[in-house]
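Student: mmCIF, C-alpha atoms, file data.cif:
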data_structure
#
loop_
_atom_site.group_PDB
_atom_site.id
_atom_site.type_symbol
_atom_site.label_atom_id
_atom_site.label_comp_id
_atom_site.auth_asym_id
_atom_site.auth_seq_id
_atom_site.Cartn_x
_atom_site.Cartn_y
_atom_site.Cartn_z
ATOM 1 C CA MET A 1 121.011 -86.009 -87.165
ATOM 2 C CA GLY A 2 122.888 -82.986 -85.892
ATOM 3 C CA HIS A 3 125.358 -83.005 -83.048
ATOM 4 C CA GLN A 4 123.830 -81.955 -79.726
ATOM 5 C CA GLU A 5 126.236 -80.331 -77.276
ATOM 6 C CA LEU A 6 126.171 -81.452 -73.674
ATOM 7 C CA THR A 7 124.989 -78.933 -71.116
ATOM 8 C CA THR A 8 125.927 -78.373 -67.490
ATOM 9 C CA PRO A 9 123.372 -77.600 -64.732
ATOM 10 C CA THR A 10 124.275 -74.122 -63.442
ATOM 11 C CA ARG A 11 122.586 -72.439 -60.491
ATOM 12 C CA PHE A 12 121.953 -68.696 -60.349
ATOM 13 C CA SER A 13 120.982 -67.273 -56.949
ATOM 14 C CA TRP A 14 120.036 -63.927 -55.450
ATOM 15 C CA ASP A 15 119.663 -63.756 -51.674
ATOM 16 C CA GLY A 16 119.044 -60.045 -51.150
ATOM 17 C CA PRO A 17 115.697 -58.628 -49.994
ATOM 18 C CA CYS A 18 113.305 -58.214 -52.923
ATOM 19 C CA HIS A 19 109.975 -59.303 -54.351
ATOM 20 C CA GLU A 20 110.833 -60.546 -57.831
ATOM 21 C CA VAL A 21 114.132 -61.481 -59.504
ATOM 22 C CA TYR A 22 115.030 -62.333 -63.086
ATOM 23 C CA VAL A 23 118.372 -63.221 -64.660
ATOM 24 C CA SER A 24 119.545 -62.402 -68.164
ATOM 25 C CA GLY A 25 122.892 -62.728 -69.858
ATOM 26 C CA SER A 26 124.989 -63.729 -72.821
ATOM 27 C CA PHE A 27 123.550 -67.258 -72.639
ATOM 28 C CA THR A 28 120.316 -65.755 -74.048
ATOM 29 C CA ASN A 29 122.064 -62.994 -76.031
ATOM 30 C CA TRP A 30 120.524 -60.607 -73.488
ATOM 31 C CA GLU A 31 117.209 -61.040 -75.302
ATOM 32 C CA GLN A 32 115.350 -63.017 -72.643
ATOM 33 C CA LYS A 33 114.963 -62.722 -68.899
ATOM 34 C CA ILE A 34 114.405 -65.843 -66.801
ATOM 35 C CA LYS A 35 112.495 -65.635 -63.536
ATOM 36 C CA LEU A 36 114.119 -67.142 -60.444
ATOM 37 C CA ASP A 37 112.116 -69.269 -58.017
ATOM 38 C CA ASN A 38 111.592 -67.867 -54.529
ATOM 39 C CA VAL A 39 112.221 -70.445 -51.795
ATOM 40 C CA ASP A 40 112.340 -69.129 -48.214
ATOM 41 C CA GLY A 41 113.463 -65.705 -49.359
ATOM 42 C CA VAL A 42 116.234 -66.967 -51.657
ATOM 43 C CA HIS A 43 115.655 -66.554 -55.388
ATOM 44 C CA SER A 44 117.400 -69.190 -57.496
ATOM 45 C CA SER A 45 117.018 -71.345 -60.586
ATOM 46 C CA VAL A 46 119.097 -73.951 -62.407
ATOM 47 C CA LEU A 47 119.836 -73.345 -66.083
ATOM 48 C CA HIS A 48 121.355 -75.929 -68.409
ATOM 49 C CA LEU A 49 124.167 -74.129 -70.213
ATOM 50 C CA ILE A 50 126.731 -75.159 -72.797
ATOM 51 C CA PRO A 51 130.246 -75.092 -71.249
ATOM 52 C CA GLY A 52 131.949 -71.733 -71.686
ATOM 53 C CA PRO A 53 132.242 -68.188 -70.252
ATOM 54 C CA TYR A 54 129.132 -66.088 -69.692
ATOM 55 C CA GLN A 55 128.298 -62.591 -68.516
ATOM 56 C CA PHE A 56 124.975 -62.010 -66.825
ATOM 57 C CA LYS A 57 123.023 -59.678 -64.604
ATOM 58 C CA PHE A 58 120.059 -59.849 -62.245
ATOM 59 C CA ILE A 59 116.889 -57.818 -62.634
ATOM 60 C CA VAL A 60 115.742 -57.143 -59.081
ATOM 61 C CA ASP A 61 112.344 -55.466 -58.823
ATOM 62 C CA ASP A 62 112.800 -54.024 -62.339
ATOM 63 C CA VAL A 63 116.335 -52.757 -61.569
ATOM 64 C CA TRP A 64 119.461 -54.235 -63.183
ATOM 65 C CA GLU A 65 121.844 -55.375 -60.431
ATOM 66 C CA THR A 66 125.096 -57.322 -60.015
ATOM 67 C CA SER A 67 125.657 -59.802 -57.190
ATOM 68 C CA ASN A 68 128.647 -59.923 -54.846
ATOM 69 C CA GLY A 69 128.421 -63.705 -54.946
ATOM 70 C CA TYR A 70 129.850 -63.859 -58.480
ATOM 71 C CA GLU A 71 132.919 -62.492 -60.190
ATOM 72 C CA LEU A 72 132.530 -58.947 -61.515
ATOM 73 C CA VAL A 73 133.754 -57.924 -65.007
ATOM 74 C CA HIS A 74 133.203 -55.067 -67.467
ATOM 75 C CA ASP A 75 132.160 -55.501 -71.075
ATOM 76 C CA GLU A 76 133.485 -53.560 -74.068
ATOM 77 C CA LEU A 77 131.058 -50.721 -73.307
ATOM 78 C CA GLY A 78 132.169 -50.434 -69.688
ATOM 79 C CA ASN A 79 129.045 -52.022 -68.212
ATOM 80 C CA ALA A 80 129.560 -53.977 -64.976
ATOM 81 C CA ASN A 81 128.313 -57.568 -65.224
ATOM 82 C CA ASN A 82 128.657 -60.778 -63.299
ATOM 83 C CA TYR A 83 130.822 -63.498 -64.830
ATOM 84 C CA ILE A 84 130.736 -67.280 -64.647
ATOM 85 C CA LEU A 85 132.754 -70.005 -66.359
ATOM 86 C CA VAL A 86 130.653 -73.128 -66.921
ATOM 87 C CA GLY A 87 132.698 -76.313 -67.026
ATOM 88 C CA HIS A 88 132.121 -79.575 -68.850
ATOM 89 C CA PRO A 89 129.515 -81.806 -67.142
ATOM 90 C CA PHE A 90 132.017 -84.689 -66.858
ATOM 91 C CA GLU A 91 135.007 -82.540 -65.993
ATOM 92 C CA ASN A 92 136.745 -83.549 -62.769
ATOM 93 C CA PRO A 93 139.306 -80.954 -61.590
ATOM 94 C CA GLU A 94 141.248 -83.559 -59.585
ATOM 95 C CA MET A 95 141.524 -85.925 -62.543
ATOM 96 C CA LYS A 96 142.524 -83.043 -64.806
ATOM 97 C CA GLN A 97 145.290 -82.075 -62.401
ATOM 98 C CA LEU A 98 146.423 -85.704 -62.219
ATOM 99 C CA ASP A 99 146.583 -85.980 -66.009
ATOM 100 C CA GLN A 100 148.868 -82.961 -66.135
ATOM 101 C CA GLN A 101 151.442 -84.828 -64.041
ATOM 102 C CA PHE A 102 152.045 -87.392 -66.802
ATOM 103 C CA THR A 103 154.316 -86.612 -69.732
ATOM 104 C CA THR A 104 156.276 -88.364 -72.472
ATOM 105 C CA ARG A 105 159.354 -86.247 -71.800
ATOM 106 C CA VAL A 106 162.118 -87.386 -69.478
ATOM 107 C CA PRO A 107 162.679 -84.654 -66.859
ATOM 108 C CA LEU A 108 166.138 -83.090 -66.714
ATOM 109 C CA GLN A 109 166.248 -83.561 -62.945
ATOM 110 C CA PRO A 110 164.091 -86.577 -62.044
ATOM 111 C CA GLU A 111 164.866 -86.216 -58.336
ATOM 112 C CA GLN A 112 162.964 -82.910 -58.297
ATOM 113 C CA MET A 113 159.740 -84.805 -58.936
ATOM 114 C CA TRP A 114 159.994 -86.322 -55.442
ATOM 115 C CA ALA A 115 161.297 -83.229 -53.626
ATOM 116 C CA ASN A 116 157.922 -82.281 -52.170
ATOM 117 C CA PHE A 117 156.699 -83.672 -48.880
ATOM 118 C CA PRO A 118 153.999 -86.348 -49.112
ATOM 119 C CA VAL A 119 150.447 -85.509 -48.146
ATOM 120 C CA GLU A 120 149.437 -85.780 -44.509
ATOM 121 C CA VAL A 121 148.068 -89.040 -43.218
ATOM 122 C CA PRO A 122 144.250 -88.980 -43.078
ATOM 123 C CA LYS A 123 142.983 -88.426 -39.556
ATOM 124 C CA VAL A 124 141.202 -91.783 -39.502
ATOM 125 C CA LEU A 125 144.527 -93.590 -39.948
ATOM 126 C CA VAL A 126 145.905 -91.988 -36.789
ATOM 127 C CA ARG A 127 143.564 -94.014 -34.581
ATOM 128 C CA THR A 128 145.689 -97.154 -34.591
ATOM 129 C CA PRO A 129 146.469 -99.589 -31.745
ATOM 130 C CA LEU A 130 149.953 -98.067 -31.470
ATOM 131 C CA ASN A 131 148.453 -94.679 -30.631
ATOM 132 C CA ALA A 132 145.918 -96.026 -28.133
ATOM 133 C CA ASN A 133 146.469 -95.346 -24.438
ATOM 134 C CA ILE A 134 145.837 -98.584 -22.536
ATOM 135 C CA MET A 135 145.583 -98.248 -18.769
ATOM 136 C CA SER A 136 146.880 -101.007 -16.521
ATOM 137 C CA LYS A 137 143.373 -101.968 -15.386
ATOM 138 C CA GLN A 138 142.499 -102.718 -19.008
ATOM 139 C CA TYR A 139 144.837 -105.690 -19.252
ATOM 140 C CA VAL A 140 141.971 -108.119 -19.641
ATOM 141 C CA PRO A 141 141.841 -110.235 -22.818
ATOM 142 C CA GLN A 142 138.300 -109.174 -23.722
ATOM 143 C CA THR A 143 138.976 -105.433 -23.379
ATOM 144 C CA LEU A 144 142.661 -105.106 -24.217
ATOM 145 C CA LEU A 145 141.973 -103.484 -27.586
ATOM 146 C CA GLN A 146 138.867 -101.885 -28.963
ATOM 147 C CA ILE A 147 137.375 -102.953 -32.279
ATOM 148 C CA PRO A 148 139.486 -101.111 -34.870
ATOM 149 C CA ASP A 149 138.149 -98.891 -37.625
ATOM 150 C CA HIS A 150 137.863 -100.714 -40.923
ATOM 151 C CA VAL A 151 140.093 -98.144 -42.634
ATOM 152 C CA ILE A 152 143.196 -99.237 -40.686
ATOM 153 C CA LEU A 153 142.900 -102.903 -41.640
ATOM 154 C CA ASN A 154 145.727 -104.409 -43.706
ATOM 155 C CA HIS A 155 147.922 -101.331 -43.231
ATOM 156 C CA PHE A 156 151.477 -101.367 -41.887
ATOM 157 C CA PHE A 157 152.136 -98.837 -39.123
ATOM 158 C CA ARG A 158 155.330 -97.716 -37.431
ATOM 159 C CA GLN A 159 155.483 -95.819 -34.160
ATOM 160 C CA ARG A 160 158.034 -93.018 -34.369
ATOM 161 C CA LYS A 161 158.317 -91.815 -30.774
ATOM 162 C CA ARG A 162 160.458 -94.716 -29.556
ATOM 163 C CA LYS A 163 164.226 -94.106 -29.428
ATOM 164 C CA ALA A 164 165.826 -97.416 -28.443
ATOM 165 C CA TYR A 165 163.610 -99.676 -30.524
ATOM 166 C CA GLN A 166 161.133 -99.681 -33.373
ATOM 167 C CA VAL A 167 157.488 -100.646 -32.988
ATOM 168 C CA ASN A 168 155.557 -101.914 -35.998
ATOM 169 C CA SER A 169 152.023 -103.223 -36.184
ATOM 170 C CA SER A 170 149.361 -104.454 -38.539
ATOM 171 C CA THR A 171 145.719 -105.385 -37.991
ATOM 172 C CA VAL A 172 143.822 -107.970 -40.024
ATOM 173 C CA ARG A 173 140.306 -109.320 -39.854
ATOM 174 C CA TYR A 174 139.158 -112.915 -40.110
ATOM 175 C CA ARG A 175 135.381 -113.260 -40.112
ATOM 176 C CA SER A 176 134.261 -111.574 -36.857
ATOM 177 C CA LYS A 177 137.701 -111.579 -35.228
ATOM 178 C CA TYR A 178 140.432 -108.942 -35.381
ATOM 179 C CA VAL A 179 144.094 -109.778 -34.901
ATOM 180 C CA THR A 180 146.705 -107.101 -34.253
ATOM 181 C CA VAL A 181 150.365 -108.096 -34.461
ATOM 182 C CA VAL A 182 152.879 -105.764 -32.807
ATOM 183 C CA LEU A 183 156.582 -106.274 -33.512
ATOM 184 C CA TYR A 184 159.207 -104.735 -31.217
ATOM 185 C CA GLN A 185 162.636 -104.485 -32.826
ATOM 186 C CA ALA A 186 165.654 -103.266 -30.860
ATOM 187 C CA LEU A 187 168.029 -100.892 -32.595
ATOM 188 C CA ASP A 188 171.560 -102.091 -33.300
ATOM 189 C CA ASP A 189 173.286 -99.916 -30.707
ATOM 190 C CA GLY A 190 174.247 -102.684 -28.285
ATOM 191 C CA THR A 191 172.015 -101.473 -25.465
ATOM 192 C CA GLN A 192 169.264 -103.449 -23.775
ATOM 193 C CA THR A 193 166.039 -101.589 -23.222
ATOM 194 C CA GLU A 194 162.918 -102.730 -21.437
ATOM 195 C CA VAL A 195 159.584 -102.111 -23.101
ATOM 196 C CA PRO A 196 157.322 -100.697 -20.352
ATOM 197 C CA GLU A 197 154.054 -102.090 -21.637
ATOM 198 C CA LEU A 198 155.502 -105.574 -22.128
ATOM 199 C CA VAL A 199 157.009 -105.627 -18.632
ATOM 200 C CA ASP A 200 153.680 -104.571 -17.133
ATOM 201 C CA ILE A 201 151.776 -107.260 -19.008
ATOM 202 C CA PHE A 202 154.301 -109.934 -18.073
ATOM 203 C CA GLU A 203 154.101 -109.068 -14.366
ATOM 204 C CA LYS A 204 150.303 -109.297 -14.372
ATOM 205 C CA TYR A 205 150.028 -112.603 -16.216
ATOM 206 C CA GLN A 206 153.159 -114.466 -15.167
ATOM 207 C CA LEU A 207 152.634 -117.826 -13.520
ATOM 208 C CA LYS A 208 152.965 -117.874 -9.742
#
Can you present the structure in this file as structure tokens?
Tutor:
Amino acid sequence: MGHQELTTPTRFSWDGPCHEVYVSGSFTNWEQKIKLDNVDGVHSSVLHLIPGPYQFKFIVDDVWETSNGYELVHDELGNANNYILVGHPFENPEMKQLDQQFTTRVPLQPEQMWANFPVEVPKVLVRTPLNANIMSKQYVPQTLLQIPDHVILNHFFRQRKRKAYQVNSSTVRYRSKYVTVVLYQALDDGTQTEVPELVDIFEKYQLK
């Protein structure tokens, strides 16, 4: 049994005004033209091609045309053709880039590997209890905090905008309940600083 190469679904489209469109290229040795399906004025078809580079051209109403939607190249005879590079069906660009970061060689300057800034925090992780604005009228046990997004659970957060003390928090879930623990830690500068939100809560719920 011979070896059968895997193919990759590749879409060819022509969206200009016309009646009938075909595509032909190096994937058929320029010997066959394939008609594109017309759906709502857009002519397109999916061809299963072996991974590799291809040159092709559209035949629009019996006229050979190139499309601005694809890269333009010239063959050895000077003819202008469209160009496409078909990748492997299981090729993942992100995984390929990740694999290139691993090596068996020890870098000459290891610290340079960590010189770049880390990626930005995903937007969903910004919506944490530490970033929530709680008005004074909301100091009721049932409505003190909203139900958190599931993506922030079991993460450790630190609020950076405090100068005299650090604020850390973490939210966990137990069955249908959510528990958020906030830790206020004073900096070792010898000064005493009141935490506004804690003072406000204490004044509202202190025993009289």
Student: A:Ile34, A:Leu85, A:Leu183, A:Val172: which is nearest Phe58 in chain A, counting only C-alpha atoms?
Tutor: A:Ile34
Student: Using all atoms listed in the file, which protein or nucleic acid residues come within 10 Å of Val46 in chain A? Drop anything in the same chain fewer than 4 positions from it, and give the result as a list in words.
Tutor: Thr8, Pro9, Thr10, Arg11, Phe12, Ser13, Leu36 and Asp37 of chain A
Student: For the structure provided, state which residues fall under the PyMOL selection byres ((chain A and resi 182) around 6), and present them as a PDB file with C-alpha atoms, keeping the file's coordinate frame.
Tutor:
ATOM      1  CA  ASN A 168     155.557-101.914 -35.998  1.00  0.00           C
ATOM      2  CA  SER A 169     152.023-103.223 -36.184  1.00  0.00           C
ATOM      3  CA  VAL A 181     150.365-108.096 -34.461  1.00  0.00           C
ATOM      4  CA  LEU A 183     156.582-106.274 -33.512  1.00  0.00           C
TER       5      LEU A 183
END
Student: Can you tell me how far CA of Asn29 in chain A sits from CA of Pro17 in chain A, in Å to one decimal?
Tutor: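 Rounded to one decimal, the two atoms are 27.2 Å apart.
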Student: In Å to one decimal, how far is CA of Lys33 in chain A from CA of His19 in chain A?
Tutor: 15.8 Å
Student: Calculate how many Å separate CA of His48 in chain A from CA of Gly78 in chain A, rounding to one decimal.
Tutor: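 Rounded to one decimal, the two atoms are 27.7 Å apart.
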Student: For the PyMOL selection byres ((chain A and resi 154) around 8), applied here, can you spell out every residue it catches as a ChimeraX atom specification?
Tutor: /A:152-153,155-156,170-172
Student: Nearest to Val167 in chain A: which of A:Phe56, A:Tyr184, A:Trp30, A:Tyr70 is it, counting all atoms listed in the file?
Tutor: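 Distance minimum relative to Val167 in chain A lands on A:Tyr184.
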Student: Looking at A:Ile147, A:Leu72, A:Ile84, A:Leu6, which one is nearest to Tyr54 in chain A, with distances taken over only C-alpha atoms?
Tutor: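 Using only C-alpha atoms, the shortest distance to Tyr54 in chain A belongs to A:Ile84.
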Student: Applied to the shown file, which residues does the PyMOL selection byres ((chain A and resi 18) around 12) return, written as a list in words?
Tutor: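 Checking the PyMOL selection byres ((chain A and resi 18) around 12) against this file, the residues are Trp14, Asp15, Gly16, Pro17, His19, Glu20, Val21, Tyr22, Leu36, Asn38, Asp40, Gly41, Val42, His43, Phe58, Ile59, Val60, Asp61, Asp62, Val63 and Glu65 of chain A.
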Student: Could you turn the residues from that selection into a file that holds C-alpha atoms, as a PDB file, in the frame of the given file?
Tutor:
ATOM      1  CA  TRP A  14     120.036 -63.927 -55.450  1.00  0.00           C
ATOM      2  CA  ASP A  15     119.663 -63.756 -51.674  1.00  0.00           C
ATOM      3  CA  GLY A  16     119.044 -60.045 -51.150  1.00  0.00           C
ATOM      4  CA  PRO A  17     115.697 -58.628 -49.994  1.00  0.00           C
ATOM      5  CA  HIS A  19     109.975 -59.303 -54.351  1.00  0.00           C
ATOM      6  CA  GLU A  20     110.833 -60.546 -57.831  1.00  0.00           C
ATOM      7  CA  VAL A  21     114.132 -61.481 -59.504  1.00  0.00           C
ATOM      8  CA  TYR A  22     115.030 -62.333 -63.086  1.00  0.00           C
ATOM      9  CA  LEU A  36     114.119 -67.142 -60.444  1.00  0.00           C
ATOM     10  CA  ASN A  38     111.592 -67.867 -54.529  1.00  0.00           C
ATOM     11  CA  ASP A  40     112.340 -69.129 -48.214  1.00  0.00           C
ATOM     12  CA  GLY A  41     113.463 -65.705 -49.359  1.00  0.00           C
ATOM     13  CA  VAL A  42     116.234 -66.967 -51.657  1.00  0.00           C
ATOM     14  CA  HIS A  43     115.655 -66.554 -55.388  1.00  0.00           C
ATOM     15  CA  PHE A  58     120.059 -59.849 -62.245  1.00  0.00           C
ATOM     16  CA  ILE A  59     116.889 -57.818 -62.634  1.00  0.00           C
ATOM     17  CA  VAL A  60     115.742 -57.143 -59.081  1.00  0.00           C
ATOM     18  CA  ASP A  61     112.344 -55.466 -58.823  1.00  0.00           C
ATOM     19  CA  ASP A  62     112.800 -54.024 -62.339  1.00  0.00           C
ATOM     20  CA  VAL A  63     116.335 -52.757 -61.569  1.00  0.00           C
ATOM     21  CA  GLU A  65     121.844 -55.375 -60.431  1.00  0.00           C
TER      22      GLU A  65
END
Student: Would you mind telling me which residue in A:Tyr165, A:Glu31, A:His88, A:Val179 lies nearest to Thr7 in chain A when using only C-alpha atoms?
Tutor: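 Checking each of A:Tyr165, A:Glu31, A:His88, A:Val179 against Thr7 in chain A, counting only C-alpha atoms, the winner is A:His88.
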Student: Given 8 Å of margin on each side, can you work out the centre and size in Å (one decimal) of an axis-aligned box holding every listed atom of range 40-54 of chain A, as AutoDock Vina command-line options?
Tutor:
--center_x 122.3 --center_y -70.8 --center_z -60.5 --size_x 35.9 --size_y 26.2 --size_z 40.6
Student: From the set A:Gly69, A:Gly25, A:Pro89, A:Pro148, which residue has the shortest atom-to-atom contact distance to Pro53 in chain A, counting only C-alpha atoms?
Tutor: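 Selected residue with least distance to Pro53 in chain A: A:Gly25.
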